[in-house]
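protein_1.cif (mmCIF, C-alpha atoms; chains and numbers go by the auth columns)
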data_final
loop_
_atom_site.group_PDB
_atom_site.id
_atom_site.type_symbol
_atom_site.label_atom_id
_atom_site.label_comp_id
_atom_site.label_asym_id
_atom_site.label_seq_id
_atom_site.Cartn_x
_atom_site.Cartn_y
_atom_site.Cartn_z
_atom_site.B_iso_or_equiv
_atom_site.auth_seq_id
_atom_site.auth_asym_id
ATOM 1 C CA MET A 1 0.786 5.887 0.203 0.00 1 A
ATOM 2 C CA LYS A 2 3.522 3.369 0.665 0.00 2 A
ATOM 3 C CA VAL A 3 2.923 0.428 -1.583 0.00 3 A
ATOM 4 C CA MET A 4 4.845 -2.004 0.573 0.00 4 A
ATOM 5 C CA TYR A 5 1.820 -3.442 2.344 0.00 5 A
ATOM 6 C CA LEU A 6 -0.118 -3.836 -0.875 0.00 6 A
ATOM 7 C CA TYR A 7 2.879 -5.634 -2.345 0.00 7 A
ATOM 8 C CA PHE A 8 2.980 -8.012 0.620 0.00 8 A
ATOM 9 C CA ILE A 9 -0.695 -8.668 -0.015 0.00 9 A
ATOM 10 C CA PHE A 10 0.383 -9.559 -3.544 0.00 10 A
ATOM 11 C CA LEU A 11 2.974 -11.995 -2.141 0.00 11 A
ATOM 12 C CA ILE A 12 0.515 -13.769 0.119 0.00 12 A
ATOM 13 C CA MET A 13 -1.953 -14.104 -2.735 0.00 13 A
ATOM 14 C CA LEU A 14 0.672 -16.068 -4.641 0.00 14 A
ATOM 15 C CA THR A 15 1.482 -18.344 -1.718 0.00 15 A
ATOM 16 C CA ASP A 16 -1.762 -18.697 0.277 0.00 16 A
ATOM 17 C CA PRO A 17 -4.912 -17.271 -1.294 0.00 17 A
ATOM 18 C CA SER A 18 -6.988 -18.273 1.769 0.00 18 A
ATOM 19 C CA SER A 19 -5.099 -15.922 4.133 0.00 19 A
ATOM 20 C CA PRO A 20 -6.743 -12.612 5.023 0.00 20 A
ATOM 21 C CA LEU A 21 -5.296 -9.797 2.972 0.00 21 A
ATOM 22 C CA ILE A 22 -6.146 -6.651 4.907 0.00 22 A
ATOM 23 C CA GLY A 23 -7.201 -6.596 8.487 0.00 23 A
ATOM 24 C CA PRO A 24 -8.232 -6.808 11.082 0.00 24 A
ATOM 25 C CA SER A 25 -8.986 -3.685 13.003 0.00 25 A
ATOM 26 C CA GLY A 26 -8.043 -3.491 16.627 0.00 26 A
ATOM 27 C CA THR A 27 -8.663 -1.720 19.894 0.00 27 A
ATOM 28 C CA TRP A 28 -6.517 -0.301 22.670 0.00 28 A
ATOM 29 C CA LYS A 29 -6.589 -2.450 25.806 0.00 29 A
ATOM 30 C CA ASP A 30 -4.408 -1.792 28.848 0.00 30 A
ATOM 31 C CA GLY A 31 -1.898 0.224 26.835 0.00 31 A
ATOM 32 C CA SER A 32 -1.575 -2.327 24.041 0.00 32 A
ATOM 33 C CA TYR A 33 -3.181 -2.416 20.623 0.00 33 A
ATOM 34 C CA VAL A 34 -5.023 -5.728 20.331 0.00 34 A
ATOM 35 C CA LEU A 35 -6.170 -7.085 16.980 0.00 35 A
ATOM 36 C CA THR A 36 -9.801 -8.162 16.788 0.00 36 A
ATOM 37 C CA GLY A 37 -9.169 -11.131 14.496 0.00 37 A
ATOM 38 C CA ASN A 38 -6.520 -12.996 12.538 0.00 38 A
ATOM 39 C CA ALA A 39 -3.848 -10.701 11.187 0.00 39 A
ATOM 40 C CA GLY A 40 -3.680 -10.222 7.464 0.00 40 A
ATOM 41 C CA MET A 41 -0.659 -9.090 5.524 0.00 41 A
ATOM 42 C CA ALA A 42 -1.475 -5.501 6.498 0.00 42 A
ATOM 43 C CA THR A 43 -3.562 -4.486 9.472 0.00 43 A
ATOM 44 C CA HIS A 44 -6.048 -1.652 9.418 0.00 44 A
ATOM 45 C CA ALA A 45 -3.644 0.404 11.554 0.00 45 A
ATOM 46 C CA GLU A 46 -0.767 -0.161 9.119 0.00 46 A
ATOM 47 C CA ILE A 47 -2.847 0.924 6.125 0.00 47 A
ATOM 48 C CA LEU A 48 -4.065 4.036 7.977 0.00 48 A
ATOM 49 C CA GLY A 49 -0.450 4.808 8.917 0.00 49 A
ATOM 50 C CA ASP A 50 0.548 4.564 5.260 0.00 50 A
ATOM 51 C CA ILE A 51 -2.270 6.872 4.216 0.00 51 A
ATOM 52 C CA ASP A 52 -1.311 9.334 6.952 0.00 52 A
ATOM 53 C CA GLY A 53 2.328 9.216 5.844 0.00 53 A
ATOM 54 C CA PHE A 54 1.319 9.864 2.244 0.00 54 A
ATOM 55 C CA ASN A 55 -0.899 12.779 3.278 0.00 55 A
ATOM 56 C CA ILE A 56 1.709 14.312 5.588 0.00 56 A
ATOM 57 C CA GLY A 57 4.319 13.953 2.852 0.00 57 A
ATOM 58 C CA LYS A 58 2.082 15.902 0.490 0.00 58 A
ATOM 59 C CA ARG A 59 1.669 18.625 3.158 0.00 59 A
ATOM 60 C CA ILE A 60 5.441 18.869 3.585 0.00 60 A
ATOM 61 C CA MET A 61 6.000 19.126 -0.166 0.00 61 A
ATOM 62 C CA ALA A 62 3.436 21.919 -0.418 0.00 62 A
ATOM 63 C CA GLU A 63 4.681 23.860 2.640 0.00 63 A
ATOM 64 C CA ALA A 64 8.312 22.862 3.093 0.00 64 A
ATOM 65 C CA TRP A 65 9.055 25.959 5.160 0.00 65 A
ATOM 66 C CA LYS A 66 6.955 24.697 8.103 0.00 66 A
ATOM 67 C CA PRO A 67 8.638 22.544 10.747 0.00 67 A
ATOM 68 C CA LEU A 68 7.653 18.866 10.794 0.00 68 A
ATOM 69 C CA SER A 69 6.127 19.271 14.252 0.00 69 A
ATOM 70 C CA GLN A 70 3.693 21.845 12.881 0.00 70 A
ATOM 71 C CA HIS A 71 2.674 19.568 10.003 0.00 71 A
ATOM 72 C CA LEU A 72 2.072 16.685 12.414 0.00 72 A
ATOM 73 C CA GLN A 73 0.095 18.833 14.818 0.00 73 A
ATOM 74 C CA GLU A 74 -2.104 20.338 12.103 0.00 74 A
ATOM 75 C CA TYR A 75 -2.703 16.954 10.497 0.00 75 A
ATOM 76 C CA TYR A 76 -3.488 14.949 13.624 0.00 76 A
ATOM 77 C CA ILE A 77 -5.505 17.667 15.361 0.00 77 A
ATOM 78 C CA GLY A 78 -7.866 18.281 12.472 0.00 78 A
ATOM 79 C CA GLU A 79 -7.102 16.815 9.082 0.00 79 A
ATOM 80 C CA SER A 80 -6.679 13.138 9.978 0.00 80 A
ATOM 81 C CA ALA A 81 -10.451 12.831 10.318 0.00 81 A
ATOM 82 C CA LYS A 82 -10.567 13.461 6.551 0.00 82 A
ATOM 83 C CA ARG A 83 -7.585 11.210 5.712 0.00 83 A
ATOM 84 C CA PHE A 84 -9.353 9.332 2.923 0.00 84 A
ATOM 85 C CA ASP A 85 -10.648 12.515 1.297 0.00 85 A
ATOM 86 C CA ILE A 86 -7.166 14.016 1.378 0.00 86 A
ATOM 87 C CA PHE A 87 -5.677 10.803 -0.012 0.00 87 A
ATOM 88 C CA LYS A 88 -8.228 10.695 -2.849 0.00 88 A
ATOM 89 C CA SER A 89 -7.482 14.305 -3.776 0.00 89 A
ATOM 90 C CA HIS A 90 -3.790 13.547 -4.353 0.00 90 A
ATOM 91 C CA THR A 91 -3.847 10.271 -6.291 0.00 91 A
ATOM 92 C CA THR A 92 -5.949 7.944 -8.402 0.00 92 A
ATOM 93 C CA LYS A 93 -6.609 4.231 -8.339 0.00 93 A
ATOM 94 C CA SER A 94 -4.645 3.947 -11.571 0.00 94 A
ATOM 95 C CA GLU A 95 -1.630 5.694 -10.014 0.00 95 A
ATOM 96 C CA LEU A 96 -1.797 3.441 -6.956 0.00 96 A
ATOM 97 C CA GLN A 97 -2.022 0.374 -9.188 0.00 97 A
ATOM 98 C CA SER A 98 1.011 1.553 -11.149 0.00 98 A
ATOM 99 C CA GLU A 99 3.039 2.145 -7.970 0.00 99 A
ATOM 100 C CA VAL A 100 2.167 -1.293 -6.544 0.00 100 A
ATOM 101 C CA TYR A 101 3.184 -2.918 -9.824 0.00 101 A
ATOM 102 C CA LYS A 102 6.489 -0.995 -9.997 0.00 102 A
ATOM 103 C CA PHE A 103 7.304 -1.797 -6.376 0.00 103 A
ATOM 104 C CA ALA A 104 6.509 -5.478 -6.939 0.00 104 A
ATOM 105 C CA ASN A 105 8.843 -5.645 -9.931 0.00 105 A
ATOM 106 C CA LEU A 106 11.646 -3.861 -8.085 0.00 106 A
ATOM 107 C CA TYR A 107 11.195 -5.982 -4.985 0.00 107 A
ATOM 108 C CA GLU A 108 11.224 -9.197 -6.971 0.00 108 A
ATOM 109 C CA THR A 109 14.324 -8.132 -8.914 0.00 109 A
ATOM 110 C CA LYS A 110 16.133 -7.188 -5.704 0.00 110 A
ATOM 111 C CA ASP A 111 15.113 -10.468 -4.081 0.00 111 A
ATOM 112 C CA ALA A 112 15.922 -12.688 -7.049 0.00 112 A
ATOM 113 C CA SER A 113 18.881 -15.040 -6.959 0.00 113 A
ATOM 114 C CA LEU A 114 21.435 -15.102 -9.751 0.00 114 A
ATOM 115 C CA VAL A 115 19.886 -18.283 -11.110 0.00 115 A
ATOM 116 C CA SER A 116 16.372 -16.862 -11.352 0.00 116 A
ATOM 117 C CA THR A 117 17.785 -13.662 -12.870 0.00 117 A
ATOM 118 C CA PHE A 118 19.612 -15.759 -15.466 0.00 118 A
ATOM 119 C CA VAL A 119 16.451 -17.746 -16.203 0.00 119 A
ATOM 120 C CA ARG A 120 14.312 -14.601 -16.405 0.00 120 A
ATOM 121 C CA ASN A 121 16.786 -12.979 -18.805 0.00 121 A
ATOM 122 C CA SER A 122 17.277 -16.130 -20.866 0.00 122 A
ATOM 123 C CA PHE A 123 13.665 -17.081 -21.415 0.00 123 A
ATOM 124 C CA THR A 124 11.538 -14.202 -22.608 0.00 124 A
ATOM 125 C CA GLU A 125 8.346 -16.259 -22.297 0.00 125 A
ATOM 126 C CA LEU A 126 8.985 -16.806 -18.585 0.00 126 A
ATOM 127 C CA ALA A 127 9.655 -13.103 -18.048 0.00 127 A
ATOM 128 C CA ILE A 128 6.427 -12.171 -19.827 0.00 128 A
ATOM 129 C CA GLN A 129 4.459 -14.751 -17.828 0.00 129 A
ATOM 130 C CA ARG A 130 5.905 -13.477 -14.541 0.00 130 A
ATOM 131 C CA ALA A 131 5.108 -9.873 -15.480 0.00 131 A
ATOM 132 C CA LYS A 132 1.499 -10.920 -16.157 0.00 132 A
ATOM 133 C CA GLU A 133 1.333 -12.690 -12.781 0.00 133 A
ATOM 134 C CA ILE A 134 2.668 -9.607 -11.009 0.00 134 A
ATOM 135 C CA GLU A 135 0.180 -7.394 -12.862 0.00 135 A
ATOM 136 C CA LEU A 136 -2.755 -9.626 -11.922 0.00 136 A
ATOM 137 C CA ALA A 137 -1.693 -9.946 -8.298 0.00 137 A
ATOM 138 C CA SER A 138 -1.027 -6.214 -7.908 0.00 138 A
ATOM 139 C CA GLN A 139 -4.461 -5.464 -9.380 0.00 139 A
ATOM 140 C CA SER A 140 -5.953 -7.896 -6.865 0.00 140 A
ATOM 141 C CA ALA A 141 -4.106 -6.191 -4.004 0.00 141 A
ATOM 142 C CA VAL A 142 -5.491 -2.787 -4.986 0.00 142 A
ATOM 143 C CA THR A 143 -8.944 -4.344 -5.358 0.00 143 A
ATOM 144 C CA ALA A 144 -8.610 -5.758 -1.813 0.00 144 A
ATOM 145 C CA PHE A 145 -7.727 -2.250 -0.602 0.00 145 A
ATOM 146 C CA CYS A 146 -10.760 -0.814 -2.413 0.00 146 A
ATOM 147 C CA THR A 147 -13.032 -3.523 -1.044 0.00 147 A
ATOM 148 C CA ARG A 148 -11.846 -3.116 2.554 0.00 148 A
ATOM 149 C CA TYR A 149 -12.247 0.668 2.453 0.00 149 A
ATOM 150 C CA ALA A 150 -15.200 0.905 0.052 0.00 150 A
ATOM 151 C CA SER A 151 -17.224 3.290 2.211 0.00 151 A
ATOM 152 C CA GLU A 152 -14.246 5.573 2.889 0.00 152 A
ATOM 153 C CA LEU A 153 -13.080 5.620 -0.724 0.00 153 A
ATOM 154 C CA ALA A 154 -16.563 5.877 -2.251 0.00 154 A
ATOM 155 C CA GLY A 155 -16.318 6.319 -6.037 0.00 155 A
ATOM 156 C CA TRP A 156 -12.510 6.634 -6.078 0.00 156 A
ATOM 157 C CA CYS A 157 -12.061 2.938 -6.852 0.00 157 A
ATOM 158 C CA LYS A 158 -14.211 2.880 -9.975 0.00 158 A
#
Whole structure given in structure tokens:
Amino acid sequence: MKVMYLYFIFLIMLTDPSSPLIGPSGTWKDGSYVLTGNAGMATHAEILGDIDGFNIGKRIMAEAWKPLSQHLQEYYIGESAKRFDIFKSHTTKSELQSEVYKFANLYETKDASLVSTFVRNSFTELAIQRAKEIELASQSAVTAFCTRYASELAGWCK
């Protein structure tokens, strides 16, 4: 699963903890997908798309000889109904947590200005504090994912 959306959940938690993190769902109406509530940092459709991308990527790695069109057809005709089961069979909560944390660190480093990089490198205490903040926020983002999809993920989040 791409960790980008979970990282953006992490960002919003730092700036506005009252904002919705994941959601809402939506419905198709007159050819447009309409959200059924206030948009969070990642909509239900975006999270499902990430899970599908992760699952399809695993299919491609296992059967690289098949054309992409065949993977997509096989996945969306039958397997997508079991997307969460497939996802759970290929990763763990701990692995997801680790990926969100790594992405958050890389994203922050890429986004940092020269001044903040200098400060982070000059003051070890600040770097340690920031790493703890990123760890806590990334754990909270994965917890939000587990909470939103508790019935689909069942015991995977424990």
Contact residues around A:Asn55 with all atoms listed in the file at 12 Å, ignoring same-chain residues under 2 positions, as an mmCIF file with C-alpha atoms, in the coordinates of the input:
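Output file selection22.cif follows:
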data_model
loop_
_atom_site.group_PDB
_atom_site.id
_atom_site.type_symbol
_atom_site.label_atom_id
_atom_site.label_comp_id
_atom_site.auth_asym_id
_atom_site.auth_seq_id
_atom_site.Cartn_x
_atom_site.Cartn_y
_atom_site.Cartn_z
ATOM 1 C CA MET A 1 0.786 5.887 0.203
ATOM 2 C CA LYS A 2 3.522 3.369 0.665
ATOM 3 C CA LEU A 48 -4.065 4.036 7.977
ATOM 4 C CA GLY A 49 -0.450 4.808 8.917
ATOM 5 C CA ASP A 50 0.548 4.564 5.260
ATOM 6 C CA ILE A 51 -2.270 6.872 4.216
ATOM 7 C CA ASP A 52 -1.311 9.334 6.952
ATOM 8 C CA GLY A 53 2.328 9.216 5.844
ATOM 9 C CA GLY A 57 4.319 13.953 2.852
ATOM 10 C CA LYS A 58 2.082 15.902 0.490
ATOM 11 C CA ARG A 59 1.669 18.625 3.158
ATOM 12 C CA ILE A 60 5.441 18.869 3.585
ATOM 13 C CA MET A 61 6.000 19.126 -0.166
ATOM 14 C CA ALA A 62 3.436 21.919 -0.418
ATOM 15 C CA HIS A 71 2.674 19.568 10.003
ATOM 16 C CA LEU A 72 2.072 16.685 12.414
ATOM 17 C CA GLU A 74 -2.104 20.338 12.103
ATOM 18 C CA TYR A 75 -2.703 16.954 10.497
ATOM 19 C CA TYR A 76 -3.488 14.949 13.624
ATOM 20 C CA GLU A 79 -7.102 16.815 9.082
ATOM 21 C CA SER A 80 -6.679 13.138 9.978
ATOM 22 C CA ALA A 81 -10.451 12.831 10.318
ATOM 23 C CA LYS A 82 -10.567 13.461 6.551
ATOM 24 C CA ARG A 83 -7.585 11.210 5.712
ATOM 25 C CA PHE A 84 -9.353 9.332 2.923
ATOM 26 C CA ASP A 85 -10.648 12.515 1.297
ATOM 27 C CA ILE A 86 -7.166 14.016 1.378
ATOM 28 C CA PHE A 87 -5.677 10.803 -0.012
ATOM 29 C CA LYS A 88 -8.228 10.695 -2.849
ATOM 30 C CA SER A 89 -7.482 14.305 -3.776
ATOM 31 C CA HIS A 90 -3.790 13.547 -4.353
ATOM 32 C CA THR A 91 -3.847 10.271 -6.291
#
Checklist entry - What is the distance, in Å and to one decimal place, between atom CA of A:Ser25 and atom CA of A:His44? => result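 Calculated distance between atom CA of A:Ser25 and atom CA of A:His44 is 5.1 Å.
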Item to check | Polymer residues at most 12 Å from A:Ser98, all atoms listed in the file, same-chain spacing of 4 or more positions, as number ranges by chain | outcome: A: 3, 6-7, 91-94, 102-105, 134-136, 138-139, 141-142
Item to check | Of the listed residues A:Leu68, A:Leu96, A:Ile77, A:Ile56, that which approaches A:Cys146 most closely, counting all atoms listed in the file | outcome: A:Leu96
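The interatomic distance for the pair atom CA of A:Leu106 and atom CA of A:Cys157 works out to 24.7 Å.
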Next on the checklist: I'd like to see the residues matched by the PyMOL selection byres ((chain A and resi 23) around 10) on this file, and ideally I'd get them as a ChimeraX atom specification.
Outcome noted: /A:20-22,24-26,35-47,148
Checklist entry - So what do you get for atom CA of A:Ala137 versus atom CA of A:Tyr101, distance-wise? => result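 So the answer is 8.7 Å.
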Next on the checklist: Please determine, counting all atoms listed in the file, which residue among A:Tyr33, A:Glu125, A:Val100, A:Gly155 has the shortest atom-to-atom distance to A:Ser140.
Outcome noted: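 For A:Ser140, the nearest of the given residues is A:Val100.
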Calculate, to one decimal in Å, the centre and edge lengths of the box along x, y and z of the file that holds all listed atoms of stretch 51-68 of chain A with 8 Å of margin on each side, and present them as lines of an AutoDock Vina configuration file.
center_x = 3.4
center_y = 16.4
center_z = 5.2
size_x = 27.3
size_y = 35.1
size_z = 27.2
